[in-house]
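Participant: File follows, final.pdb with PDB, C-alpha atoms:
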ATOM      1  CA  MET A  20     -53.266 -98.214  11.972
ATOM      2  CA  LYS A  21     -50.606 -95.536  12.219
ATOM      3  CA  MET A  22     -50.819 -92.617  14.606
ATOM      4  CA  VAL A  23     -48.992 -89.303  14.631
ATOM      5  CA  TYR A  24     -46.483 -88.602  17.382
ATOM      6  CA  SER A  25     -44.603 -85.318  17.173
ATOM      7  CA  LEU A  26     -41.487 -84.137  18.949
ATOM      8  CA  ARG A  27     -39.387 -81.024  19.109
ATOM      9  CA  ILE A  28     -35.743 -81.132  18.124
ATOM     10  CA  ASP A  29     -33.064 -78.469  17.799
ATOM     11  CA  LYS A  30     -32.961 -76.592  14.522
ATOM     12  CA  GLU A  31     -29.327 -77.628  14.001
ATOM     13  CA  LEU A  32     -30.224 -81.284  14.446
ATOM     14  CA  ARG A  33     -33.049 -80.977  11.932
ATOM     15  CA  GLU A  34     -30.712 -79.352   9.424
ATOM     16  CA  GLU A  35     -28.206 -82.190   9.854
ATOM     17  CA  MET A  36     -30.960 -84.761   9.375
ATOM     18  CA  GLU A  37     -32.031 -83.151   6.105
ATOM     19  CA  LYS A  38     -28.544 -83.739   4.647
ATOM     20  CA  TYR A  39     -29.198 -87.475   4.520
ATOM     21  CA  ASP A  40     -31.709 -89.396   2.459
ATOM     22  CA  ILE A  41     -33.049 -91.413   5.368
ATOM     23  CA  LYS A  42     -36.630 -92.171   6.344
ATOM     24  CA  TRP A  43     -36.310 -90.804   9.856
ATOM     25  CA  ASN A  44     -39.772 -91.946  10.896
ATOM     26  CA  GLU A  45     -38.718 -95.557  10.202
ATOM     27  CA  GLU A  46     -35.442 -95.063  12.073
ATOM     28  CA  ILE A  47     -37.237 -93.648  15.092
ATOM     29  CA  GLU A  48     -39.923 -96.337  15.019
ATOM     30  CA  GLY A  49     -37.231 -99.018  14.854
ATOM     31  CA  PHE A  50     -35.430 -97.498  17.823
ATOM     32  CA  ILE A  51     -38.649 -97.362  19.838
ATOM     33  CA  ARG A  52     -39.443-101.004  19.030
ATOM     34  CA  LYS A  53     -35.960-102.132  20.142
ATOM     35  CA  ARG A  54     -36.172-100.085  23.333
ATOM     36  CA  LEU A  55     -39.590-101.529  24.157
ATOM     37  CA  GLU A  56     -38.210-105.059  23.700
ATOM     38  CA  GLU A  57     -35.393-104.213  26.133
ATOM     39  CA  LEU A  58     -37.882-102.873  28.665
ATOM     40  CA  LYS A  59     -40.065-105.983  28.338
ATOM     41  CA  LYS A  60     -37.026-108.226  28.907
ATOM     42  CA  GLU A  61     -36.039-106.189  31.970
ATOM     43  CA  GLU A  62     -39.577-106.539  33.312
ATOM     44  CA  ILE A  63     -39.525-110.317  32.789
ATOM     45  CA  LEU A  64     -36.129-110.624  34.490
ATOM     46  CA  LYS A  65     -37.417-108.567  37.415
ATOM     47  CA  ARG A  66     -40.393-110.922  37.810
ATOM     48  CA  ILE A  67     -38.111-113.969  37.591
ATOM     49  CA  ASN A  68     -35.835-112.545  40.275
ATOM     50  CA  GLU A  69     -38.836-111.829  42.490
ATOM     51  CA  ILE A  70     -40.009-115.438  42.110
ATOM     52  CA  LEU A  71     -36.519-116.810  42.723
ATOM     53  CA  SER A  72     -36.145-114.712  45.862
ATOM     54  CA  THR A  73     -39.201-116.436  47.365
ATOM     55  CA  MET A  74     -37.828-119.926  46.712
ATOM     56  CA  PRO A  75     -35.900-121.705  49.465
ATOM     57  CA  GLU A  76     -32.142-121.919  49.040
ATOM     58  CA  THR A  77     -30.430-125.270  48.648
ATOM     59  CA  ASN A  78     -26.847-126.394  49.043
ATOM     60  CA  SER A  79     -27.276-129.221  46.534
ATOM     61  CA  SER A  80     -26.217-128.946  42.920
ATOM     62  CA  GLY A  81     -28.608-129.779  40.105
ATOM     63  CA  ALA A  82     -26.739-133.031  39.428
ATOM     64  CA  GLU A  83     -27.022-134.068  43.091
ATOM     65  CA  MET A  84     -30.737-133.356  43.088
ATOM     66  CA  VAL A  85     -31.298-135.415  39.920
ATOM     67  CA  ARG A  86     -29.228-138.267  41.338
ATOM     68  CA  GLU A  87     -31.203-138.182  44.610
ATOM     69  CA  ASP A  88     -34.488-138.187  42.690
ATOM     70  CA  ARG A  89     -33.393-141.190  40.606
ATOM     71  CA  ASP A  90     -32.238-143.078  43.708
ATOM     72  CA  ASN A  91     -35.635-142.544  45.352
ATOM     73  CA  ASN A  92     -37.510-144.136  42.459
TER
END
Please, can you express the file's structure as structure tokens?
Facilitator:
Amino acid sequence: MKMVYSLRIDKELREEMEKYDIKWNEEIEGFIRKRLEELKKEEILKRINEILSTMPETNSSGAEMVREDRDNN
């Protein structure tokens, strides 16, 4: 279901837009979709960083930890 969202733009901008045969509603909707994806990714990264900040630090590399785990089994 589509909804109407209106905005005000300068008269000069509107006149420039009318010079081109472009479906501006699709352009704007595409921009909004891309921007929302960026915001969602930023939100996910923020949550990941919050989780990582609560984890204890280690001086071991990943390879050392795997090797230690294998040696213990």
Participant: Could you jot down the atom CA of A:Met20 to atom CA of A:Ile41 separation for me, Å, one decimal place?
Facilitator: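 Result for atom CA of A:Met20 versus atom CA of A:Ile41: 22.3 Å, one decimal.
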Participant: So the first atom is atom CA of A:Glu56 and the second is atom CA of A:Glu69; what is the distance between them in Å, to one decimal place?
Facilitator: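 Computing the Euclidean distance for atom CA of A:Glu56 and atom CA of A:Glu69 yields 20.0 Å.
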Participant: Considering all atoms listed in the file, return as a VMD selection string whatever protein or nucleic-acid residues lie within 12 Å of A:Leu26, sequence-local ones (same chain, fewer than 4 positions apart) excluded.
Facilitator: chain A and resid 33 44 47
Participant: One decimal, Å: what's the distance from atom CA of A:Leu55 over to atom CA of A:Leu32, could you say?
Facilitator: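 Atom-to-atom, atom CA of A:Leu55 and atom CA of A:Leu32 are spaced 24.3 Å apart.
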Participant: Taking all atoms of stretch 59-65 of chain A that appear in the file, build a box with edges along x, y and z, extend it by 3 Å on every side, and state its centre and edge lengths in Å to one decimal, as lines of an AutoDock Vina configuration file.
Facilitator:
center_x = -38.1
center_y = -108.3
center_z = 32.9
size_x = 10.0
size_y = 10.6
size_z = 15.1
